Every structure is written in structure tokens, then in C-alpha cells.
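K.L.:
Just one file: target-v2.cif, with mmCIF, C-alpha atoms.
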```
data_work
loop_
_atom_site.label_atom_id
_atom_site.label_comp_id
_atom_site.auth_asym_id
_atom_site.auth_seq_id
_atom_site.Cartn_x
_atom_site.Cartn_y
_atom_site.Cartn_z
CA MET A 1 -119.80 80.93 -85.81
CA ASN A 2 -118.70 83.79 -83.57
CA LEU A 3 -115.25 84.36 -82.17
CA THR A 4 -116.10 82.81 -78.79
CA GLU A 5 -117.14 79.54 -80.42
CA LYS A 6 -113.91 79.44 -82.39
CA PHE A 7 -111.92 79.94 -79.21
CA LEU A 8 -113.90 77.20 -77.47
CA GLN A 9 -112.96 74.83 -80.27
CA LEU A 10 -109.32 75.72 -79.69
CA ALA A 11 -109.71 75.23 -75.94
CA ALA A 12 -111.28 71.82 -76.56
CA VAL A 13 -107.82 70.57 -77.50
CA GLY A 14 -107.14 70.65 -73.76
CA SER A 15 -104.04 71.33 -71.70
CA GLU A 16 -102.10 68.13 -72.40
CA TRP A 17 -100.13 69.71 -75.24
CA ILE A 18 -99.14 72.48 -72.81
CA LEU A 19 -97.66 69.86 -70.50
CA TRP A 20 -95.68 68.34 -73.34
CA LEU A 21 -94.41 71.78 -74.31
CA LEU A 22 -93.29 72.42 -70.74
CA ILE A 23 -91.54 69.06 -70.60
CA VAL A 24 -89.65 69.84 -73.81
CA LEU A 25 -88.66 73.28 -72.48
CA SER A 26 -87.53 71.67 -69.24
CA LEU A 27 -85.33 69.12 -71.03
CA ILE A 28 -83.73 71.82 -73.16
CA SER A 29 -83.14 73.97 -70.07
CA VAL A 30 -81.48 71.11 -68.20
CA GLY A 31 -79.23 70.45 -71.20
CA ILE A 32 -78.19 74.10 -71.33
CA MET A 33 -77.57 74.19 -67.58
CA PHE A 34 -75.29 71.16 -67.76
CA GLU A 35 -73.40 72.45 -70.81
CA ARG A 36 -72.88 75.91 -69.29
CA TRP A 37 -71.80 74.44 -65.95
CA LEU A 38 -69.13 72.36 -67.66
CA PHE A 39 -68.07 75.32 -69.78
CA TYR A 40 -67.69 77.72 -66.85
CA ARG A 41 -65.96 75.05 -64.80
CA THR A 42 -63.20 74.79 -67.41
CA LEU A 43 -62.68 78.58 -67.43
CA THR A 44 -62.95 79.53 -63.76
CA GLY A 45 -59.63 80.76 -62.38
CA LYS A 46 -57.75 80.35 -65.65
CA ASP A 47 -57.22 84.07 -66.24
CA THR A 48 -56.26 84.65 -62.60
CA ALA A 49 -53.65 81.90 -62.79
CA LEU A 50 -52.42 83.18 -66.15
CA LEU A 51 -52.10 86.71 -64.79
CA ARG A 52 -49.35 85.73 -62.37
CA THR A 53 -47.25 83.74 -64.83
CA LEU A 54 -47.82 86.16 -67.70
CA HIS A 55 -46.88 89.15 -65.55
CA GLU A 56 -43.61 87.44 -64.69
CA ALA A 57 -42.82 86.73 -68.35
CA LEU A 58 -43.66 90.23 -69.55
CA ALA A 59 -41.84 91.88 -66.66
CA GLU A 60 -38.73 89.95 -67.69
CA HIS A 61 -39.33 90.88 -71.36
CA GLU A 62 -39.78 87.23 -72.36
CA ILE A 63 -42.27 87.94 -75.12
CA ASP A 64 -41.92 84.55 -76.78
CA ARG A 65 -42.65 82.78 -73.50
CA ALA A 66 -45.65 85.01 -72.92
CA ASP A 67 -46.89 84.37 -76.44
CA ARG A 68 -46.73 80.60 -75.93
CA MET A 69 -48.80 80.94 -72.75
CA VAL A 70 -51.64 82.87 -74.33
CA LYS A 71 -51.76 80.84 -77.54
CA VAL A 72 -53.23 77.88 -75.64
CA ALA A 73 -55.50 80.01 -73.43
CA THR A 74 -59.23 79.25 -73.49
CA ALA A 75 -60.49 81.85 -71.00
CA PRO A 76 -61.61 85.28 -72.28
CA GLY A 77 -58.67 87.25 -70.91
CA GLY A 78 -56.11 84.89 -72.38
CA ARG A 79 -57.75 84.97 -75.79
CA ILE A 80 -57.80 88.76 -75.81
CA ALA A 81 -54.22 88.93 -74.54
CA SER A 82 -53.14 86.66 -77.38
CA ALA A 83 -54.52 89.10 -79.95
CA MET A 84 -52.89 92.00 -78.10
CA LEU A 85 -49.48 90.32 -78.19
CA ASP A 86 -49.88 89.59 -81.89
CA ASN A 87 -50.46 93.29 -82.53
CA ARG A 88 -48.14 94.80 -79.94
CA GLN A 89 -46.00 96.41 -82.64
CA ARG A 90 -48.97 98.52 -83.70
CA GLY A 91 -48.86 100.49 -80.49
CA ALA A 92 -51.01 101.25 -77.45
CA THR A 93 -54.00 102.54 -79.41
CA ALA A 94 -54.27 99.36 -81.45
CA MET A 95 -54.10 97.19 -78.35
CA SER A 96 -56.76 99.28 -76.63
CA SER A 97 -58.97 98.89 -79.69
CA ILE A 98 -58.46 95.13 -79.65
CA MET A 99 -59.49 95.01 -75.99
CA SER A 100 -62.62 97.05 -76.70
CA ALA A 101 -63.53 95.02 -79.80
CA MET A 102 -62.99 91.53 -78.40
CA ARG A 103 -64.55 91.95 -74.95
CA PRO A 104 -68.17 92.09 -76.24
CA ALA A 105 -67.55 89.01 -78.38
CA GLU A 106 -66.16 87.13 -75.39
CA LYS A 107 -69.14 88.26 -73.32
CA LEU A 108 -71.49 86.84 -75.93
CA ARG A 109 -69.55 83.55 -75.89
CA LEU A 110 -69.92 83.37 -72.12
CA GLU A 111 -73.64 84.22 -72.27
CA LYS A 112 -74.47 81.68 -74.98
CA ASN A 113 -77.99 80.24 -74.47
CA LEU A 114 -78.49 82.10 -71.18
CA SER A 115 -81.24 84.16 -72.81
CA PHE A 116 -83.16 80.91 -73.35
CA LEU A 117 -82.99 80.14 -69.63
CA GLY A 118 -84.15 83.65 -68.82
CA THR A 119 -87.03 83.38 -71.27
CA VAL A 120 -88.13 80.01 -69.91
CA GLY A 121 -87.88 81.26 -66.34
CA ALA A 122 -89.98 84.30 -67.10
CA ASN A 123 -92.64 82.65 -69.27
CA ALA A 124 -93.04 79.03 -68.14
CA PRO A 125 -95.49 80.03 -65.34
CA PHE A 126 -97.65 81.84 -67.89
CA ILE A 127 -97.56 78.85 -70.22
CA GLY A 128 -98.66 76.66 -67.32
CA LEU A 129 -101.41 79.15 -66.46
CA LEU A 130 -102.60 78.99 -70.04
CA GLY A 131 -102.85 75.23 -69.72
CA THR A 132 -104.87 75.61 -66.52
CA VAL A 133 -107.27 78.07 -68.14
CA LEU A 134 -107.74 75.84 -71.17
CA GLY A 135 -108.34 72.85 -68.90
CA ILE A 136 -110.97 74.69 -66.87
CA ILE A 137 -112.71 75.94 -70.01
CA THR A 138 -112.76 72.40 -71.39
CA THR A 139 -114.17 71.05 -68.11
CA PHE A 140 -117.07 73.46 -67.98
CA ARG A 141 -117.76 73.03 -71.70
CA MET A 142 -118.05 69.28 -71.22
CA LEU A 143 -120.36 69.77 -68.24
CA GLU A 144 -122.56 72.08 -70.28
CA GLN A 145 -122.81 69.52 -73.05
CA ALA A 146 -123.44 66.67 -70.59
CA GLY A 147 -126.80 68.10 -69.60
CA THR A 148 -128.54 67.50 -66.31
CA MET A 149 -126.75 65.49 -63.64
CA GLY A 150 -126.90 65.11 -59.89
CA THR A 151 -125.31 67.67 -57.63
CA ALA A 152 -122.76 65.17 -56.34
CA ASP A 153 -121.82 64.06 -59.84
CA TYR A 154 -121.58 67.67 -60.98
CA SER A 155 -119.29 68.63 -58.10
CA ALA A 156 -117.06 65.62 -58.64
CA ALA A 157 -116.72 66.35 -62.35
CA VAL A 158 -115.91 70.01 -61.74
CA MET A 159 -113.36 69.31 -59.02
CA GLY A 160 -111.73 66.56 -61.06
CA GLY A 161 -111.40 68.80 -64.10
CA ILE A 162 -109.99 71.71 -62.10
CA TYR A 163 -107.57 69.40 -60.31
CA GLU A 164 -106.20 68.14 -63.61
CA ALA A 165 -106.03 71.66 -65.04
CA LEU A 166 -104.01 73.00 -62.09
CA VAL A 167 -101.29 70.45 -62.83
CA ALA A 168 -100.21 72.63 -65.76
CA THR A 169 -99.60 75.61 -63.47
CA ALA A 170 -97.59 73.46 -61.07
CA VAL A 171 -95.48 72.05 -63.89
CA GLY A 172 -94.93 75.56 -65.25
CA LEU A 173 -93.55 76.67 -61.89
CA LEU A 174 -91.37 73.56 -61.62
CA VAL A 175 -89.87 74.38 -65.01
CA ALA A 176 -89.43 78.10 -64.30
CA ILE A 177 -87.83 78.03 -60.85
CA PRO A 178 -84.67 76.04 -61.77
CA ALA A 179 -84.28 78.07 -64.97
CA VAL A 180 -84.40 81.37 -63.04
CA ILE A 181 -81.95 80.13 -60.40
CA ALA A 182 -79.52 78.85 -63.04
CA PHE A 183 -79.83 82.06 -65.06
CA ASN A 184 -78.93 84.22 -62.05
CA ILE A 185 -76.03 81.99 -61.00
CA PHE A 186 -74.60 81.90 -64.51
CA GLN A 187 -74.93 85.67 -64.93
CA ARG A 188 -72.84 86.12 -61.79
CA LYS A 189 -70.31 83.67 -63.19
CA VAL A 190 -70.12 85.67 -66.42
CA LYS A 191 -69.41 88.86 -64.46
CA LEU A 192 -66.70 87.06 -62.47
CA LEU A 193 -65.02 85.71 -65.60
CA LEU A 194 -65.14 89.08 -67.32
CA GLY A 195 -63.66 90.71 -64.23
CA GLU A 196 -60.76 88.25 -64.31
CA ALA A 197 -60.34 88.91 -68.03
CA ASP A 198 -60.27 92.69 -67.51
CA ALA A 199 -57.60 92.35 -64.82
CA LEU A 200 -55.44 90.24 -67.13
CA THR A 201 -55.82 92.36 -70.26
CA ASN A 202 -55.25 95.63 -68.39
CA MET A 203 -52.06 94.21 -66.92
CA VAL A 204 -50.86 93.07 -70.34
CA HIS A 205 -51.68 96.44 -71.84
CA ALA A 206 -49.85 98.33 -69.10
CA LEU A 207 -46.68 96.25 -69.38
CA LEU A 208 -46.58 96.27 -73.16
CA VAL A 209 -47.19 100.01 -73.34
CA GLY A 210 -44.48 100.53 -70.70
CA ASP A 211 -42.01 98.50 -72.73
CA SER A 212 -42.80 100.35 -75.94
CA SER A 213 -42.43 103.75 -74.26
CA LYS A 214 -38.95 102.79 -73.07
CA ASP A 215 -37.98 101.90 -76.61
#
```
Can I see the file as C-alpha cells?
P.N.:
Amino acid sequence: MNLTEKFLQLAAVGSEWILWLLIVLSLISVGIMFERWLFYRTLTGKDTALLRTLHEALAEHEIDRADRMVKVATAPGGRIASAMLDNRQRGATAMSSIMSAMRPAEKLRLEKNLSFLGTVGANAPFIGLLGTVLGIITTFRMLEQAGTMGTADYSAAVMGGIYEALVATAVGLLVAIPAVIAFNIFQRKVKLLLGEADALTNMVHALLVGDSSKD
């Protein structure tokens, strides 16, 4: 048996399993979209709001008050600021190192599972196309094995098989488009949250370094 025959046996499985794969990918994508939407919703604006109150506390040298604020923070900037306040006695260099070390970790926390959405968005159309190709191969293989038939019957069988095969491509696009849109929206949200975090941590660093230089 040559390689072509082996591939034809694989293609004979049909495209239905491709559709089930796309459905599973779609369900996982929707779950990730919902989870990330809720997650970002709880963080949006938190660092910006904290910046104003924290600036007031630090400007008035109320370190304990500031520490209580950041201990309960859930947004990236607040979490980084909490570590900075805990290590403020170590000096400006230590706080700068904490900012540099924790920011990538917070970025990864914000981007959790976004790579899956990007992968699905980029590859679901190709998976659907594979299902279409397998369906067309199966259709023509069945017609070859069926032997002689009328022209009308032949045309109907071919068109019916191609019609069913193209469903896989359509489903692939339906899975990919929402994933790509969500991926792009969430990436913009990550950049916004990190920008808010940078503004907060830079403010904290500046005020703490200013206080230590006065001492």
C-alpha cells in the first residue's frame, strides 16, 4: 500500500471529527473570554483610584495608612506598590529592582490564557479548511467506488458532498473571528492596566525616594 492509499484511509474518517474539535475549541474560547472579562472588570480603574488616595497618604508621610491601602489591592500597581512599601528601608535601588522584577509577573497574570485565544483565532480557519478538504476527498472517493451512475445522480452526489464539506470551513471562521476580536480587545486592556500600574508605582517610588533623601 502506497502513501496515497494510507492517506485516503485517513481521509475516509471524514470531517465530522473536525467539527467536534472546533466546537470544543469554541467552548473553551468562550469560557476564557468570560473569565478574562470578569477579571479585567474587577481591576479596571483600581490603580487610578488608588493613585490619588495613596499619593495623599504618602505626601503626608502616613506610611501606615498607605500600607493598609496597598495590602488589600488586587490590581497590578497596588500589588507592586505593596512590595515596594515593605522594602522601602532598603533604598531606591531595591525598590526599582522590585518594580522591574514584578512587572513581568503581573503582565503574565493579566495575559493568562490569551495565547490560547490567539492560537485559536489564527488556526481555526485552517482546521476548518482541513475538514473541508477531507470531506471533498471522501466524497470523490465514494463516487469512485460507487461505479457508473447517471449524470444527474453524479452531480447531486458531488454537490451534496461538497456542501457538507464546506460547513467545516464556515464553522472554523465562526470560531476564529470572535477569538481574534476578544484577543485584540483584551491585549488593549492589558496595556491599559499596565499603564495605570506604571503610573502608580512610579509615583510611589518618587515619593518614597524623596522622603528617604530628606532623611
K.L.:
What's the 7 Å shell around Pro125 in chain A, counting only C-alpha atoms, without same-chain residues fewer than 2 positions away, as a count of residues only?
P.N.:
8
K.L.:
For Gly121 in chain A, which residue among A:Val30, A:Ile177, A:Leu38, A:Ala59 is the nearest when counting all atoms listed in the file?
P.N.:
A:Ile177
K.L.:
Which of these residues is nearest to Gly131 in chain A, using all atoms listed in the file: A:Ile18, A:Gly78, A:Leu54, A:Ala199?
P.N.:
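So, comparing all the options, the nearest one is A:Ile18.
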K.L.:
Tell me, in Å to one decimal, how far CA of Asn184 in chain A is from CA of Met203 in chain A.
P.N.:
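Here the two named atoms are 29.1 Å from each other.
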K.L.:
Mind checking which residues fall within 9 Å of range 69-75 of chain A, counting all atoms listed in the file, ignoring those fewer than 6 positions away in the same chain, and posting them as a list in words?
P.N.:
Thr42, Leu43, Thr44, Gly45, Lys46, Asp47, Leu50, Thr53, Leu54, Ala81, Ser82, Ala83, Leu85, Glu106, Leu193 and Ala197 of chain A
K.L.:
Around all the atoms of range 167-171 of chain A listed in the file, draw an axis-aligned box and extend it by 8 Å on each of the six sides; I want its centre and edge lengths in Å to one decimal, as AutoDock Vina command-line options.
P.N.:
```
--center_x -98.4 --center_y 73.0 --center_z -63.4 --size_x 21.8 --size_y 21.2 --size_z 20.7
```
